[in-house]
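This is data06.pdb. It holds PDB, N, CA and C atoms.
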```
ATOM      1  N   MET L   1      16.707  12.480 -19.718
ATOM      2  CA  MET L   1      16.328  11.600 -18.634
ATOM      3  C   MET L   1      15.176  12.239 -17.861
ATOM      4  N   ALA L   2      14.156  11.464 -17.611
ATOM      5  CA  ALA L   2      12.964  11.966 -16.923
ATOM      6  C   ALA L   2      13.235  12.107 -15.425
ATOM      7  N   ASN L   3      12.650  13.125 -14.846
ATOM      8  CA  ASN L   3      12.781  13.360 -13.416
ATOM      9  C   ASN L   3      11.785  12.467 -12.678
ATOM     10  N   PRO L   4      12.261  11.548 -11.787
ATOM     11  CA  PRO L   4      11.331  10.640 -11.103
ATOM     12  C   PRO L   4      10.432  11.332 -10.086
ATOM     13  N   LEU L   5      10.751  12.565  -9.705
ATOM     14  CA  LEU L   5       9.932  13.290  -8.728
ATOM     15  C   LEU L   5       8.885  14.178  -9.388
ATOM     16  N   ARG L   6       8.801  14.148 -10.706
ATOM     17  CA  ARG L   6       7.823  14.950 -11.423
ATOM     18  C   ARG L   6       6.488  14.227 -11.443
ATOM     19  N   LEU L   7       5.407  14.958 -11.253
ATOM     20  CA  LEU L   7       4.079  14.355 -11.157
ATOM     21  C   LEU L   7       3.517  13.904 -12.499
ATOM     22  N   ASN L   8       3.866  14.575 -13.592
ATOM     23  CA  ASN L   8       3.373  14.229 -14.927
ATOM     24  C   ASN L   8       1.848  14.157 -14.979
ATOM     25  N   GLY L   9       1.166  15.018 -14.241
ATOM     26  CA  GLY L   9      -0.295  15.062 -14.254
ATOM     27  C   GLY L   9      -0.971  14.005 -13.402
ATOM     28  N   LYS L  10      -0.185  13.193 -12.677
ATOM     29  CA  LYS L  10      -0.753  12.147 -11.826
ATOM     30  C   LYS L  10      -0.844  12.658 -10.391
ATOM     31  N   ASN L  11      -1.461  11.866  -9.536
ATOM     32  CA  ASN L  11      -1.570  12.226  -8.126
ATOM     33  C   ASN L  11      -0.266  11.978  -7.375
ATOM     34  N   LEU L  12       0.523  10.981  -7.787
ATOM     35  CA  LEU L  12       1.803  10.680  -7.145
ATOM     36  C   LEU L  12       2.905  10.640  -8.197
ATOM     37  N   CYS L  13       4.121  10.997  -7.787
ATOM     38  CA  CYS L  13       5.244  10.964  -8.715
ATOM     39  C   CYS L  13       5.688   9.510  -8.939
ATOM     40  N   ASP L  14       6.527   9.314  -9.956
ATOM     41  CA  ASP L  14       6.983   7.963 -10.297
ATOM     42  C   ASP L  14       7.779   7.320  -9.175
ATOM     43  N   ALA L  15       8.559   8.106  -8.441
ATOM     44  CA  ALA L  15       9.358   7.557  -7.335
ATOM     45  C   ALA L  15       8.444   7.023  -6.226
ATOM     46  N   ALA L  16       7.388   7.761  -5.915
ATOM     47  CA  ALA L  16       6.447   7.303  -4.881
ATOM     48  C   ALA L  16       5.709   6.051  -5.333
ATOM     49  N   LEU L  17       5.354   5.981  -6.604
ATOM     50  CA  LEU L  17       4.687   4.789  -7.120
ATOM     51  C   LEU L  17       5.619   3.580  -7.083
ATOM     52  N   ASP L  18       6.907   3.794  -7.365
ATOM     53  CA  ASP L  18       7.874   2.696  -7.282
ATOM     54  C   ASP L  18       7.995   2.175  -5.853
ATOM     55  N   VAL L  19       8.000   3.077  -4.891
ATOM     56  CA  VAL L  19       8.074   2.672  -3.482
ATOM     57  C   VAL L  19       6.833   1.866  -3.103
ATOM     58  N   LEU L  20       5.671   2.302  -3.554
ATOM     59  CA  LEU L  20       4.441   1.568  -3.250
ATOM     60  C   LEU L  20       4.428   0.192  -3.923
ATOM     61  N   HIS L  21       4.961   0.098  -5.136
ATOM     62  CA  HIS L  21       5.047  -1.207  -5.802
ATOM     63  C   HIS L  21       5.974  -2.144  -5.029
ATOM     64  N   ASN L  22       7.107  -1.615  -4.560
ATOM     65  CA  ASN L  22       8.030  -2.437  -3.772
ATOM     66  C   ASN L  22       7.391  -2.875  -2.454
ATOM     67  N   LEU L  23       6.633  -1.986  -1.826
ATOM     68  CA  LEU L  23       5.929  -2.343  -0.593
ATOM     69  C   LEU L  23       4.888  -3.428  -0.861
ATOM     70  N   ARG L  24       4.211  -3.337  -1.990
ATOM     71  CA  ARG L  24       3.226  -4.356  -2.366
ATOM     72  C   ARG L  24       3.879  -5.727  -2.504
ATOM     73  N   VAL L  25       5.027  -5.788  -3.162
ATOM     74  CA  VAL L  25       5.747  -7.053  -3.324
ATOM     75  C   VAL L  25       6.181  -7.595  -1.959
ATOM     76  N   HIS L  26       6.669  -6.716  -1.095
ATOM     77  CA  HIS L  26       7.093  -7.131   0.248
ATOM     78  C   HIS L  26       5.915  -7.677   1.055
ATOM     79  N   LEU L  27       4.767  -7.016   0.992
ATOM     80  CA  LEU L  27       3.596  -7.465   1.743
ATOM     81  C   LEU L  27       3.106  -8.828   1.253
ATOM     82  N   ILE L  28       3.127  -9.031  -0.050
ATOM     83  CA  ILE L  28       2.697 -10.318  -0.590
ATOM     84  C   ILE L  28       3.626 -11.427  -0.117
ATOM     85  N   ALA L  29       4.931 -11.179  -0.148
ATOM     86  CA  ALA L  29       5.894 -12.189   0.320
ATOM     87  C   ALA L  29       5.694 -12.478   1.802
ATOM     88  N   ARG L  30       5.473 -11.437   2.580
ATOM     89  CA  ARG L  30       5.284 -11.625   4.018
ATOM     90  C   ARG L  30       3.968 -12.350   4.321
ATOM     91  N   MET L  31       2.937 -12.083   3.536
ATOM     92  CA  MET L  31       1.671 -12.801   3.718
ATOM     93  C   MET L  31       1.836 -14.286   3.424
ATOM     94  N   ASN L  32       2.637 -14.619   2.429
ATOM     95  CA  ASN L  32       2.883 -16.026   2.112
ATOM     96  C   ASN L  32       3.591 -16.732   3.260
ATOM     97  N   ILE L  33       4.508 -16.033   3.915
ATOM     98  CA  ILE L  33       5.205 -16.614   5.072
ATOM     99  C   ILE L  33       4.228 -16.808   6.229
ATOM    100  N   GLU L  34       3.393 -15.804   6.486
ATOM    101  CA  GLU L  34       2.416 -15.892   7.576
ATOM    102  C   GLU L  34       1.388 -16.994   7.329
ATOM    103  N   ARG L  35       1.036 -17.196   6.068
ATOM    104  CA  ARG L  35       0.046 -18.213   5.721
ATOM    105  C   ARG L  35       0.533 -19.614   6.079
ATOM    106  N   GLU L  36       1.846 -19.831   6.015
ATOM    107  CA  GLU L  36       2.422 -21.148   6.299
ATOM    108  C   GLU L  36       2.545 -21.441   7.799
ATOM    109  N   LYS L  37       2.431 -20.429   8.636
ATOM    110  CA  LYS L  37       2.557 -20.633  10.081
ATOM    111  C   LYS L  37       1.295 -21.295  10.637
ATOM    112  N   PRO L  38       1.403 -21.901  11.823
ATOM    113  CA  PRO L  38       0.199 -22.484  12.439
ATOM    114  C   PRO L  38      -0.872 -21.406  12.662
ATOM    115  N   GLY L  39      -2.067 -21.708  12.287
ATOM    116  CA  GLY L  39      -3.149 -20.722  12.394
ATOM    117  C   GLY L  39      -3.393 -20.015  11.081
ATOM    118  N   GLY L  40      -2.378 -19.943  10.264
ATOM    119  CA  GLY L  40      -2.478 -19.419   8.898
ATOM    120  C   GLY L  40      -3.222 -18.118   8.759
ATOM    121  N   THR L  41      -4.314 -18.167   8.008
ATOM    122  CA  THR L  41      -5.047 -16.946   7.677
ATOM    123  C   THR L  41      -5.885 -16.419   8.833
ATOM    124  N   ARG L  42      -5.974 -17.170   9.920
ATOM    125  CA  ARG L  42      -6.733 -16.679  11.088
ATOM    126  C   ARG L  42      -5.865 -15.810  12.004
ATOM    127  N   ARG L  43      -4.595 -15.734  11.729
ATOM    128  CA  ARG L  43      -3.695 -14.950  12.580
ATOM    129  C   ARG L  43      -3.956 -13.451  12.419
ATOM    130  N   GLN L  44      -3.794 -12.733  13.500
ATOM    131  CA  GLN L  44      -4.023 -11.288  13.479
ATOM    132  C   GLN L  44      -3.021 -10.586  12.564
ATOM    133  N   THR L  45      -1.785 -11.071  12.550
ATOM    134  CA  THR L  45      -0.766 -10.470  11.694
ATOM    135  C   THR L  45      -1.146 -10.620  10.225
ATOM    136  N   PHE L  46      -1.632 -11.784   9.843
ATOM    137  CA  PHE L  46      -2.040 -12.013   8.459
ATOM    138  C   PHE L  46      -3.178 -11.072   8.066
ATOM    139  N   ARG L  47      -4.135 -10.907   8.956
ATOM    140  CA  ARG L  47      -5.265 -10.017   8.656
ATOM    141  C   ARG L  47      -4.818  -8.567   8.514
ATOM    142  N   ALA L  48      -3.875  -8.149   9.350
ATOM    143  CA  ALA L  48      -3.359  -6.780   9.249
ATOM    144  C   ALA L  48      -2.595  -6.588   7.941
ATOM    145  N   LEU L  49      -1.815  -7.588   7.550
ATOM    146  CA  LEU L  49      -1.084  -7.511   6.282
ATOM    147  C   LEU L  49      -2.049  -7.446   5.103
ATOM    148  N   ARG L  50      -3.120  -8.242   5.152
ATOM    149  CA  ARG L  50      -4.093  -8.244   4.065
ATOM    150  C   ARG L  50      -4.782  -6.886   3.956
ATOM    151  N   ALA L  51      -5.135  -6.294   5.077
ATOM    152  CA  ALA L  51      -5.776  -4.972   5.066
ATOM    153  C   ALA L  51      -4.817  -3.913   4.521
ATOM    154  N   GLN L  52      -3.551  -4.013   4.925
ATOM    155  CA  GLN L  52      -2.571  -3.043   4.447
ATOM    156  C   GLN L  52      -2.310  -3.226   2.952
ATOM    157  N   LEU L  53      -2.308  -4.462   2.469
ATOM    158  CA  LEU L  53      -2.118  -4.706   1.044
ATOM    159  C   LEU L  53      -3.257  -4.091   0.238
ATOM    160  N   LYS L  54      -4.476  -4.198   0.725
ATOM    161  CA  LYS L  54      -5.609  -3.579   0.040
ATOM    162  C   LYS L  54      -5.438  -2.065  -0.041
ATOM    163  N   SER L  55      -4.942  -1.458   1.044
ATOM    164  CA  SER L  55      -4.715  -0.009   1.050
ATOM    165  C   SER L  55      -3.625   0.377   0.064
ATOM    166  N   VAL L  56      -2.548  -0.401   0.015
ATOM    167  CA  VAL L  56      -1.436  -0.096  -0.894
ATOM    168  C   VAL L  56      -1.906  -0.201  -2.345
ATOM    169  N   ILE L  57      -2.683  -1.222  -2.660
ATOM    170  CA  ILE L  57      -3.210  -1.366  -4.021
ATOM    171  C   ILE L  57      -4.103  -0.182  -4.372
ATOM    172  N   GLU L  58      -4.902   0.261  -3.422
ATOM    173  CA  GLU L  58      -5.754   1.445  -3.642
ATOM    174  C   GLU L  58      -4.901   2.700  -3.848
ATOM    175  N   PHE L  59      -3.838   2.872  -3.064
ATOM    176  CA  PHE L  59      -2.955   4.027  -3.227
ATOM    177  C   PHE L  59      -2.293   4.014  -4.600
ATOM    178  N   ILE L  60      -1.863   2.839  -5.058
ATOM    179  CA  ILE L  60      -1.240   2.745  -6.376
ATOM    180  C   ILE L  60      -2.264   3.111  -7.456
ATOM    181  N   ARG L  61      -3.466   2.585  -7.326
ATOM    182  CA  ARG L  61      -4.510   2.871  -8.319
ATOM    183  C   ARG L  61      -4.818   4.365  -8.375
ATOM    184  N   VAL L  62      -5.023   4.973  -7.214
ATOM    185  CA  VAL L  62      -5.353   6.401  -7.168
ATOM    186  C   VAL L  62      -4.146   7.239  -7.588
ATOM    187  N   GLY L  63      -2.951   6.809  -7.230
ATOM    188  CA  GLY L  63      -1.745   7.566  -7.569
ATOM    189  C   GLY L  63      -1.465   7.626  -9.051
ATOM    190  N   GLN L  64      -1.897   6.631  -9.821
ATOM    191  CA  GLN L  64      -1.653   6.607 -11.258
ATOM    192  C   GLN L  64      -2.698   7.384 -12.051
ATOM    193  N   LEU L  65      -3.804   7.738 -11.420
ATOM    194  CA  LEU L  65      -4.869   8.457 -12.111
ATOM    195  C   LEU L  65      -4.520   9.929 -12.278
ATOM    196  N   PRO L  66      -5.150  10.604 -13.243
ATOM    197  CA  PRO L  66      -4.917  12.043 -13.393
ATOM    198  C   PRO L  66      -5.284  12.797 -12.110
ATOM    199  N   PHE L  67      -4.592  13.895 -11.884
ATOM    200  CA  PHE L  67      -4.762  14.661 -10.648
ATOM    201  C   PHE L  67      -6.152  15.259 -10.545
ATOM    202  N   THR L  68      -6.790  15.064  -9.391
ATOM    203  CA  THR L  68      -7.985  15.804  -8.987
ATOM    204  C   THR L  68      -7.894  16.005  -7.475
ATOM    205  N   PRO L  69      -8.488  17.066  -6.959
ATOM    206  CA  PRO L  69      -8.417  17.297  -5.510
ATOM    207  C   PRO L  69      -9.035  16.172  -4.682
ATOM    208  N   LEU L  70     -10.124  15.558  -5.155
ATOM    209  CA  LEU L  70     -10.756  14.480  -4.388
ATOM    210  C   LEU L  70      -9.862  13.244  -4.306
ATOM    211  N   ARG L  71      -9.167  12.938  -5.381
ATOM    212  CA  ARG L  71      -8.261  11.784  -5.351
ATOM    213  C   ARG L  71      -7.075  12.059  -4.417
ATOM    214  N   MET L  72      -6.583  13.284  -4.443
ATOM    215  CA  MET L  72      -5.486  13.629  -3.536
ATOM    216  C   MET L  72      -5.968  13.579  -2.093
ATOM    217  N   LEU L  73      -7.213  13.957  -1.850
ATOM    218  CA  LEU L  73      -7.793  13.872  -0.512
ATOM    219  C   LEU L  73      -7.826  12.428  -0.033
ATOM    220  N   ARG L  74      -8.127  11.484  -0.923
ATOM    221  CA  ARG L  74      -8.142  10.058  -0.550
ATOM    222  C   ARG L  74      -6.753   9.616  -0.101
ATOM    223  N   LEU L  75      -5.707  10.068  -0.775
ATOM    224  CA  LEU L  75      -4.348   9.707  -0.378
ATOM    225  C   LEU L  75      -4.003  10.303   0.984
ATOM    226  N   TYR L  76      -4.392  11.548   1.205
ATOM    227  CA  TYR L  76      -4.124  12.180   2.496
ATOM    228  C   TYR L  76      -4.901  11.500   3.622
ATOM    229  N   GLN L  77      -6.137  11.116   3.361
ATOM    230  CA  GLN L  77      -6.930  10.430   4.387
ATOM    231  C   GLN L  77      -6.291   9.102   4.768
ATOM    232  N   GLY L  78      -5.722   8.404   3.804
ATOM    233  CA  GLY L  78      -5.039   7.149   4.106
ATOM    234  C   GLY L  78      -3.837   7.361   5.000
ATOM    235  N   CYS L  79      -3.130   8.448   4.787
ATOM    236  CA  CYS L  79      -1.971   8.745   5.643
ATOM    237  C   CYS L  79      -2.429   9.162   7.037
ATOM    238  N   ILE L  80      -3.489   9.956   7.112
ATOM    239  CA  ILE L  80      -3.991  10.416   8.403
ATOM    240  C   ILE L  80      -4.571   9.256   9.207
ATOM    241  N   ASN L  81      -5.248   8.319   8.523
ATOM    242  CA  ASN L  81      -5.857   7.171   9.196
ATOM    243  C   ASN L  81      -4.844   6.087   9.525
ATOM    244  N   ASN L  82      -3.583   6.329   9.226
ATOM    245  CA  ASN L  82      -2.494   5.422   9.583
ATOM    246  C   ASN L  82      -2.671   4.046   8.938
ATOM    247  N   GLU L  83      -3.080   4.035   7.670
ATOM    248  CA  GLU L  83      -3.276   2.775   6.971
ATOM    249  C   GLU L  83      -1.957   2.083   6.643
ATOM    250  N   LEU L  84      -0.858   2.817   6.654
ATOM    251  CA  LEU L  84       0.455   2.235   6.359
ATOM    252  C   LEU L  84       1.295   2.133   7.619
ATOM    253  N   ARG L  85       0.676   1.700   8.699
ATOM    254  CA  ARG L  85       1.382   1.577   9.969
ATOM    255  C   ARG L  85       2.311   0.352   9.936
ATOM    256  N   PRO L  86       3.353   0.342  10.764
ATOM    257  CA  PRO L  86       4.222  -0.824  10.806
ATOM    258  C   PRO L  86       3.515  -2.010  11.471
ATOM    259  N   ILE L  87       3.725  -3.203  10.923
ATOM    260  CA  ILE L  87       3.151  -4.437  11.463
ATOM    261  C   ILE L  87       4.305  -5.257  12.013
ATOM    262  N   PRO L  88       4.294  -5.525  13.321
ATOM    263  CA  PRO L  88       5.448  -6.232  13.921
ATOM    264  C   PRO L  88       5.538  -7.675  13.448
ATOM    265  N   TYR L  89       6.760  -8.182  13.445
ATOM    266  CA  TYR L  89       6.998  -9.586  13.118
ATOM    267  C   TYR L  89       6.715 -10.435  14.346
ATOM    268  N   ASP L  90       6.251 -11.665  14.135
ATOM    269  CA  ASP L  90       5.995 -12.583  15.240
ATOM    270  C   ASP L  90       7.247 -13.379  15.558
TER     271      ASP L  90
END
```
Go ahead and render the structure in this file as structure tokens.
Amino acid sequence: MANPLRLNGKNLCDAALDVLHNLRVHLIARMNIEREKPGGTRRQTFRALRAQLKSVIEFIRVGQLPFTPLRMLRLYQGCINNELRPIPYD
């Protein structure tokens, strides 16, 4: 049985990638709910969700690539810049 916390030469381990995939699915579902509300895509919450979804997709892409210090720096910068901040419900 493979260890889910092993990096296997990637920037992120399989467990972290699974969490990011689940977050991506959650953000897409939440964006669909926000889109149906009055104001739709002009709402601030929708825009924040869309920006966060772009960051999550970028983290997944970089996390699956072979390890390099510059790619790991991109992941750390995303955490430092608070790209995965909580978005309150309306």
| message | To test your reading of the syntax: which residues would the PyMOL selection byres ((chain L and resi 69-81) around 8) return for the file shown? Reply as a PyMOL selection string. | response | chain L and resi 11-12+55+58-59+62-63+66-68+82-85
| query | At what distance in Å, to one decimal, does CA of Val56 in chain L lie from CA of Cys13 in chain L? | reply | 15.1 Å
| Quick one, how far is CA of Pro86 in chain L from CA of Gly39 in chain L? | 21.3 Å
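Shortest separation to Ile28 in chain L among L:Ile60, L:Ala48, L:Leu53, L:Ala15 occurs at residue L:Leu53, atoms counted being only N, CA and C atoms.
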Please report, as JSON, the centre and edge lengths in Å to one decimal of an axis-aligned box covering all listed atoms of range 10-18 of chain L with 5 Å per side.
```
{"center_x": 3.9, "center_y": 7.7, "center_z": -8.8, "size_x": 20.9, "size_y": 21.0, "size_z": 17.8}
```
| task | Take CA of Arg43 in chain L and CA of Leu17 in chain L and report the distance between them in Å, one decimal. | result | 29.1 Å
| query | Between L:Leu65, L:Ile57, L:Ala51, L:Leu7, which has the minimum distance to Arg24 in chain L (counting only C-alpha atoms)? | reply |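 Using only C-alpha atoms, Arg24 in chain L sits closest to L:Ile57.
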| task | Using backbone DSSP assignments, extract all helix (DSSP H, G or I) residues from chain L; output them as a ChimeraX atom specification. | result | /L:14-36,40-42,44-64,69-80
| task | Select, from L:Ile87, L:Asn32, L:Gln52, L:Arg6, the residue with the minimum atom-to-atom distance to Leu20 in chain L, counting only C-alpha atoms. | result | L:Gln52
| field | Long-range neighbours of Phe46 in chain L as number ranges by chain, 7 Å cut-off, all atoms listed in the file, 5 positions minimum in chain | value | L: 31, 34-35, 40-41, 51
| field | Given only N, CA and C atoms as the counted atoms, nearest of L:Asn3, L:Lys10, L:Glu36, L:Arg42 to Gln64 in chain L | value |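 Of L:Asn3, L:Lys10, L:Glu36, L:Arg42, the one nearest Gln64 in chain L is L:Lys10, counting only N, CA and C atoms.
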